[in-house]
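K.L.:
mmCIF, C-alpha atoms and all ligand atoms, saved as input.cif, coming up:
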data_run
#
loop_
_atom_site.label_atom_id
_atom_site.label_comp_id
_atom_site.auth_asym_id
_atom_site.auth_seq_id
_atom_site.Cartn_x
_atom_site.Cartn_y
_atom_site.Cartn_z
CA MET A 1 0.00 0.00 0.00
CA HIS A 2 1.87 3.01 -1.16
CA ASN A 3 0.86 6.59 -0.40
CA CYS A 4 -2.00 5.35 1.74
CA PRO A 5 -2.13 6.49 5.37
CA THR A 6 -2.86 3.55 7.69
CA VAL A 7 -3.84 2.94 11.32
CA PRO A 8 -3.05 -0.08 13.54
CA TYR A 9 -5.75 -2.72 13.43
CA ASN A 10 -4.80 -6.02 15.05
CA ASP A 11 -5.50 -4.69 18.55
CA ARG A 12 -9.24 -4.73 17.78
CA PHE A 13 -9.62 -8.49 18.08
CA ASP A 14 -10.41 -10.22 21.36
CA PRO A 15 -7.93 -13.09 21.80
CA ARG A 16 -9.83 -14.47 24.84
CA VAL A 17 -12.68 -15.93 22.81
CA PRO A 18 -11.50 -18.76 20.60
CA PRO A 19 -12.96 -18.54 17.09
CA GLU A 20 -14.47 -22.04 17.39
CA GLN A 21 -16.58 -20.89 20.33
CA ALA A 22 -17.53 -17.51 18.89
CA ALA A 23 -18.41 -18.97 15.48
CA ALA A 24 -20.53 -21.72 17.05
CA ALA A 25 -22.34 -19.22 19.27
CA PHE A 26 -23.14 -16.96 16.33
CA TYR A 27 -24.32 -19.91 14.27
CA ASP A 28 -26.60 -20.82 17.15
CA VAL A 29 -28.21 -17.39 16.90
CA MET A 30 -28.46 -17.37 13.12
CA ARG A 31 -29.69 -20.92 12.61
CA LYS A 32 -32.88 -19.97 14.44
CA ARG A 33 -33.70 -17.27 11.91
CA ARG A 34 -36.80 -17.85 9.82
CA SER A 35 -38.54 -15.62 7.34
CA VAL A 36 -41.58 -14.34 9.21
CA ARG A 37 -44.89 -13.28 7.70
CA MET A 38 -46.94 -13.04 10.89
CA PHE A 39 -45.81 -10.03 12.89
CA SER A 40 -46.92 -8.52 16.19
CA ASP A 41 -47.65 -4.79 16.32
CA LYS A 42 -45.39 -4.52 19.39
CA PRO A 43 -43.23 -1.43 18.90
CA VAL A 44 -39.51 -1.48 18.21
CA SER A 45 -37.60 1.65 19.15
CA ARG A 46 -36.14 3.96 16.56
CA GLU A 47 -32.85 3.61 18.42
CA THR A 48 -32.87 -0.12 17.71
CA ILE A 49 -33.57 0.42 14.02
CA GLU A 50 -30.80 2.99 13.85
CA ALA A 51 -28.31 0.49 15.29
CA LEU A 52 -29.40 -2.07 12.68
CA ILE A 53 -28.86 0.47 9.92
CA ARG A 54 -25.46 1.44 11.33
CA THR A 55 -24.52 -2.25 11.20
CA ALA A 56 -25.75 -2.55 7.62
CA GLY A 57 -23.88 0.62 6.74
CA SER A 58 -20.65 -0.84 8.08
CA ALA A 59 -20.64 -3.43 5.27
CA PRO A 60 -17.79 -3.49 2.80
CA SER A 61 -18.58 -1.88 -0.55
CA GLY A 62 -16.87 -1.29 -3.86
CA ALA A 63 -14.30 1.48 -3.37
CA ASN A 64 -16.15 2.24 -0.13
CA LYS A 65 -18.83 4.09 -2.09
CA GLN A 66 -21.57 2.73 0.22
CA PRO A 67 -24.16 2.54 -2.55
CA TRP A 68 -27.22 2.18 -0.35
CA ARG A 69 -30.02 4.05 1.33
CA PHE A 70 -32.31 2.52 3.92
CA VAL A 71 -35.69 4.21 4.18
CA CYS A 72 -37.20 3.23 7.53
CA VAL A 73 -40.97 3.54 7.72
CA SER A 74 -43.13 3.39 10.82
CA ASP A 75 -45.76 5.91 9.67
CA PRO A 76 -49.03 3.91 9.44
CA SER A 77 -50.32 5.79 6.39
CA ILE A 78 -47.10 5.09 4.44
CA LYS A 79 -47.10 1.46 5.52
CA LYS A 80 -50.67 1.24 4.22
CA GLN A 81 -49.65 2.66 0.84
CA ILE A 82 -46.75 0.22 0.66
CA ARG A 83 -49.07 -2.68 1.47
CA GLU A 84 -51.49 -1.59 -1.23
CA GLY A 85 -48.69 -1.18 -3.78
CA ALA A 86 -47.15 -4.56 -2.91
CA GLU A 87 -50.48 -6.38 -2.96
CA ALA A 88 -51.33 -4.92 -6.38
CA GLU A 89 -48.11 -6.43 -7.79
CA GLU A 90 -48.52 -9.69 -5.91
CA ARG A 91 -52.09 -10.18 -7.19
CA GLU A 92 -50.75 -10.21 -10.74
CA PHE A 93 -47.81 -12.38 -9.73
CA TYR A 94 -49.99 -15.07 -8.19
CA ALA A 95 -52.63 -14.75 -10.93
CA GLY A 96 -50.12 -15.87 -13.54
CA ARG A 97 -47.18 -13.55 -14.03
CA ALA A 98 -44.98 -15.88 -11.95
CA GLY A 99 -45.53 -18.80 -14.32
CA GLU A 100 -46.38 -22.36 -13.38
CA GLN A 101 -42.95 -23.52 -12.25
CA TRP A 102 -42.40 -20.60 -9.88
CA LEU A 103 -45.82 -21.00 -8.30
CA GLU A 104 -45.15 -24.71 -7.89
CA ASP A 105 -41.83 -23.93 -6.17
CA LEU A 106 -43.57 -21.50 -3.83
CA ALA A 107 -46.42 -23.86 -2.91
CA PRO A 108 -44.59 -25.38 0.12
CA LEU A 109 -44.24 -21.87 1.58
CA GLY A 110 -47.99 -21.22 1.44
CA THR A 111 -47.50 -17.60 0.40
CA ASP A 112 -50.23 -15.59 -1.31
CA ASP A 113 -51.04 -12.03 -2.32
CA ASN A 114 -52.26 -10.97 1.13
CA LYS A 115 -49.52 -8.86 2.72
CA ALA A 116 -51.37 -7.61 5.82
CA PHE A 117 -48.15 -7.92 7.80
CA LEU A 118 -46.79 -4.89 5.94
CA GLU A 119 -49.19 -2.78 8.00
CA THR A 120 -48.96 -4.70 11.27
CA VAL A 121 -45.19 -4.76 11.60
CA PRO A 122 -43.72 -1.72 13.42
CA TRP A 123 -41.03 -1.00 10.81
CA LEU A 124 -40.54 -1.46 7.11
CA ILE A 125 -36.96 -0.97 6.01
CA VAL A 126 -36.77 -0.33 2.30
CA ALA A 127 -33.26 -0.90 0.99
CA PHE A 128 -32.41 1.09 -2.11
CA ARG A 129 -29.35 0.43 -4.25
CA LEU A 130 -27.65 3.58 -5.47
CA THR A 131 -26.80 3.43 -9.18
CA LYS A 132 -24.79 6.62 -8.75
CA ALA A 133 -23.35 8.20 -5.63
CA ASP A 134 -25.21 11.14 -4.13
CA ASP A 135 -22.68 13.49 -5.73
CA GLY A 136 -23.33 11.86 -9.12
CA GLY A 137 -20.04 9.94 -9.00
CA LYS A 138 -19.57 6.29 -9.91
CA VAL A 139 -20.31 3.32 -7.67
CA TYR A 140 -18.83 -0.17 -8.05
CA TYR A 141 -20.21 -3.65 -7.39
CA SER A 142 -23.38 -2.02 -6.09
CA SER A 143 -25.43 -5.26 -6.15
CA GLU A 144 -22.80 -7.15 -4.19
CA SER A 145 -22.38 -4.23 -1.80
CA ILE A 146 -26.02 -3.77 -0.94
CA GLY A 147 -26.51 -7.53 -0.75
CA LEU A 148 -23.81 -7.68 1.88
CA ALA A 149 -25.28 -4.71 3.75
CA CYS A 150 -28.73 -6.30 3.79
CA GLY A 151 -27.28 -9.62 4.96
CA MET A 152 -25.59 -7.86 7.83
CA LEU A 153 -28.83 -6.07 8.64
CA LEU A 154 -30.65 -9.42 8.85
CA CYS A 155 -27.93 -10.77 11.16
CA ALA A 156 -28.11 -7.68 13.36
CA ALA A 157 -31.90 -7.97 13.65
CA GLN A 158 -31.70 -11.67 14.52
CA HIS A 159 -28.99 -10.95 17.08
CA ALA A 160 -31.28 -8.27 18.57
CA GLY A 161 -34.10 -10.80 18.94
CA LEU A 162 -36.14 -9.39 16.08
CA ALA A 163 -37.78 -11.12 13.16
CA THR A 164 -37.38 -10.12 9.53
CA LEU A 165 -38.57 -10.99 6.06
CA THR A 166 -36.81 -10.36 2.77
CA HIS A 167 -39.81 -9.28 0.77
CA THR A 168 -39.49 -8.69 -2.97
CA PRO A 169 -42.77 -7.66 -4.55
CA SER A 170 -41.93 -7.39 -8.22
CA PRO A 171 -41.62 -4.93 -9.85
CA MET A 172 -40.81 -2.66 -6.93
CA ASN A 173 -40.81 0.77 -8.59
CA PHE A 174 -43.98 1.69 -6.69
CA LEU A 175 -41.64 2.18 -3.71
CA ASN A 176 -39.85 5.01 -5.52
CA GLN A 177 -43.15 6.81 -5.98
CA ILE A 178 -44.49 6.29 -2.46
CA LEU A 179 -41.19 7.16 -0.79
CA ASN A 180 -40.29 9.93 -3.22
CA ARG A 181 -36.89 8.57 -4.12
CA PRO A 182 -34.57 10.12 -6.71
CA ALA A 183 -33.68 8.42 -10.01
CA ASN A 184 -30.35 7.05 -8.74
CA GLU A 185 -32.10 4.83 -6.15
CA ARG A 186 -33.41 1.39 -7.14
CA PRO A 187 -35.48 -0.62 -4.68
CA PHE A 188 -33.56 -3.74 -3.70
CA LEU A 189 -35.38 -5.32 -0.77
CA LEU A 190 -38.34 -4.57 1.46
CA ILE A 191 -37.48 -5.76 4.96
CA PRO A 192 -40.21 -5.83 7.62
CA VAL A 193 -38.66 -5.79 11.11
CA GLY A 194 -40.52 -6.57 14.32
CA TYR A 195 -41.57 -9.33 16.69
CA PRO A 196 -43.34 -12.46 15.55
CA SER A 197 -47.04 -12.46 16.51
CA ASP A 198 -48.10 -14.71 19.40
CA ASP A 199 -49.70 -17.09 16.91
CA CYS A 200 -46.82 -16.85 14.44
CA GLU A 201 -46.14 -20.00 12.46
CA VAL A 202 -43.65 -20.63 9.69
CA PRO A 203 -43.70 -23.24 6.94
CA ALA A 204 -42.51 -26.63 8.17
CA ALA A 205 -41.33 -27.42 4.67
CA ALA A 206 -38.65 -24.73 4.61
CA ILE A 207 -36.91 -25.80 7.82
CA GLU A 208 -34.39 -28.17 6.26
CA ARG A 209 -31.00 -26.74 5.45
CA ARG A 210 -28.85 -28.50 2.89
CA PRO A 211 -26.20 -30.56 4.69
CA ILE A 212 -22.77 -29.01 5.09
CA GLY A 213 -21.30 -31.50 2.63
CA ARG A 214 -23.55 -30.12 -0.11
CA VAL A 215 -22.85 -26.52 0.75
CA MET A 216 -19.15 -26.66 1.47
CA GLU A 217 -16.31 -28.11 -0.56
CA VAL A 218 -12.93 -28.28 1.09
CA ARG A 219 -9.47 -28.37 -0.43
CA ALA A 220 -7.25 -28.62 2.61
N1 LIG A 301 -42.92 -11.96 -3.87
C1 LIG A 301 -43.92 -12.98 -3.65
C2 LIG A 301 -43.50 -14.32 -4.08
C3 LIG A 301 -42.34 -14.96 -3.43
C4 LIG A 301 -41.21 -15.23 -4.18
C5 LIG A 301 -40.16 -15.89 -3.63
I1 LIG A 301 -38.55 -16.37 -4.79
C6 LIG A 301 -40.20 -16.29 -2.28
O1 LIG A 301 -39.12 -16.96 -1.73
C7 LIG A 301 -41.32 -16.04 -1.53
C8 LIG A 301 -42.39 -15.37 -2.12
C9 LIG A 301 -44.40 -12.96 -2.19
O2 LIG A 301 -43.76 -12.33 -1.35
O3 LIG A 301 -45.42 -13.56 -1.89
#
Show me, as structure tokens, the structure contained in the file I just sent.

P.N.:
Amino acid sequence: MHNCPTVPYNDRFDPRVPPEQAAAAFYDVMRKRRSVRMFSDKPVSRETIEALIRTAGSAPSGANKQPWRFVCVSDPSIKKQIREGAEAEEREFYAGRAGEQWLEDLAPLGTDDNKAFLETVPWLIVAFRLTKADDGGKVYYSSESIGLACGMLLCAAQHAGLATLTHTPSPMNFLNQILNRPANERPFLLIPVGYPSDDCEVPAAAIERRPIGRVMEVRA
């Protein structure tokens, strides 16, 4: 690294917790995550949401351009508009736009075009990918970058004891209109964040994870 000012870094790791233990503990938190579609209306503080967004915003990004914006909605009238916009798209999706194969693949999840949870849940986080930086400059690997940021946001929410869904009504441009976003912002994911409802259930069919041997290949 030439001509690049640096700061010490290796003092920021805690040598007392062995990685085996820390990794297993984190896995234990994350393995319990499920996509939730039955939310409680129990409030979540703005402070909590801000910490989740700070975590997301700490993700690596191409040339550190941070090509993301997270619009956090708790206003009931905006949540209602988002529900209506999403349900309008989903009605067409389930009525045929998805095609037979896709609908067949979704059948075990039991999803449909009713998205009442978009109004019940205390927060909707709408992740927008920036196609250009706010100053009009270039961004790099923006899909990878915002994907990483959203992944970290999901981890942070799970770690905080909150449930999430990665909701992708398609197309999602209605979110630009409702949330008044500029042309350099493309909706990427709609992430409801809250507590599961008391009667929350999730599809039994989606519980199985592929075994490690199918997910991981080792060359040691
Ligand atoms: N967006 C629709 C359909 C849907 C698509 C996929 I791929 C899923 O994993 C789940 C649902 C909906 O939210 O119902």

K.L.:
Write out as a list in words the residues lying within 12 Å of A:Asp135, counting only C-alpha atoms and excluding same-chain residues fewer than 5 positions away.

P.N.:
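Contacts, with the query itself left out: Lys65, Pro67, Leu130 and Asn184 of chain A.
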
K.L.:
Dump C-alpha atoms for the selected residues as a compact mmCIF listing (two decimals), in the frame of the given file?

P.N.:
# COMPACT_ATOMS: atom_id res chain seq x y z
CA LYS A 65 -18.83 4.09 -2.09
CA PRO A 67 -24.16 2.54 -2.55
CA LEU A 130 -27.65 3.58 -5.47
CA ASN A 184 -30.35 7.05 -8.74

K.L.:
To check your reading of the model: which residues sit at most 6 Å from ligand LIG 301 (chain A) when counting all atoms listed in the file? Write the answer as a list of chain:residue names.

P.N.:
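Those residues are A:Thr111, A:Asp112, A:Asp113, A:His167, A:Thr168, A:Pro169.
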
K.L.:
Box time for stretch 133-146 of chain A: axis-aligned, enclosing all its listed atoms, 4 Å extra on each side; report centre and edge lengths in Å to one decimal, as JSON.

P.N.:
{"center_x": -22.4, "center_y": 3.2, "center_z": -5.4, "size_x": 15.2, "size_y": 28.6, "size_z": 17.0}

K.L.:
I'd like the interatomic distance between atom CA of A:Arg214 and atom CA of A:Leu106, to a tenth of an Å.

P.N.:
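Here the two named atoms are 22.1 Å from each other.
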
K.L.:
Write out as an NGL selection string the residues lying within 6 Å of A:Ala127, counting only C-alpha atoms and excluding same-chain residues fewer than 6 positions away.

P.N.:
:A and (69-70 or 188-189)

K.L.:
Hey, can you check how far atom CA of A:Ala88 sits from atom CA of A:Arg129?

P.N.:
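Taking atom CA of A:Ala88 as the start and atom CA of A:Arg129 as the end point, the length is 22.7 Å.
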
K.L.:
Taking 3 positions as the minimum chain separation for residues in the same chain, which residues sit within 12 Å of A:Ala63 when counting only C-alpha atoms? Answer as a list in words.

P.N.:
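Using only C-alpha atoms, the neighbours found are Ala59, Pro60, Gln66, Pro67, Ala133, Gly137, Lys138, Val139, Tyr140, Tyr141, Ser142 and Ser145 of chain A.
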
K.L.:
My list of candidates is A:Arg46, A:Arg16, A:Lys32, A:Arg83. Which is closest to A:Cys155 when distances are computed with all atoms listed in the file?

P.N.:
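Of the candidates, the smallest distance to A:Cys155 is held by A:Lys32.
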
K.L.:
For the interface of stretch 29-114 of chain A with stretch 200-212 of chain A (cut-off 6 Å, counting all atoms listed in the file), please tabulate each contacting residue of stretch 29-114 of chain A alongside its nearest pair of atoms and their separation in Å to one decimal, rows sorted by chain and increasing number, as JSON lines.

P.N.:
{"residue": "A:Met38", "atom": "CA", "partner": "A:Cys200", "partner_atom": "CA", "distance": 5.2}
{"residue": "A:Pro108", "atom": "CA", "partner": "A:Ala205", "partner_atom": "CA", "distance": 6.0}
{"residue": "A:Leu109", "atom": "CA", "partner": "A:Pro203", "partner_atom": "CA", "distance": 5.6}

K.L.:
Just how far from atom CA of A:Leu190 is atom CA of A:Phe93, in Å to one decimal?

P.N.:
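Interatomic distance, atom CA of A:Phe93 to atom CA of A:Leu190: 16.6 Å.
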
K.L.:
Between A:Gln81, A:Ala156, A:Leu148, A:Leu179, which residue has the minimum interatomic distance to A:Phe26, considering all atoms listed in the file?

P.N.:
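Looking at the shortest contact to A:Phe26, the residue is A:Ala156.
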
K.L.:
Which of these residues is nearest to A:Val29, using all atoms listed in the file: A:Leu154, A:Met172, A:Ala116, A:Ile178?

P.N.:
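Of A:Leu154, A:Met172, A:Ala116, A:Ile178, the one nearest A:Val29 is A:Leu154, counting all atoms listed in the file.
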
K.L.:
Pick from A:Lys132, A:Leu103, A:Ala220, A:Gly147: nearest to A:Pro182, with all atoms listed in the file counted?

P.N.:
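The answer is A:Lys132, which sits nearest to A:Pro182.
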
K.L.:
For A:Glu90, work out the shell of residues within 10 Å, counting all atoms listed in the file and skipping chain neighbours fewer than 4 positions away, then give it as an NGL selection string.

P.N.:
:A and (84-86 or 94-98 or 112-115 or 168-171)

K.L.:
A:Gln21, A:Thr166, A:Ser58, A:Ser197: which is nearest A:Arg33, counting only C-alpha atoms?

P.N.:
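Nearest candidate to A:Arg33 out of A:Gln21, A:Thr166, A:Ser58, A:Ser197: A:Thr166.
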
K.L.:
Compile the contact shell of A:Val71 as a PyMOL selection string: residues with an atom at most 12 Å away, counting all atoms listed in the file, same-chain residues fewer than 5 positions apart removed.

P.N.:
chain A and resi 49-50+53+78-79+123-129+175-176+178-181+185-192
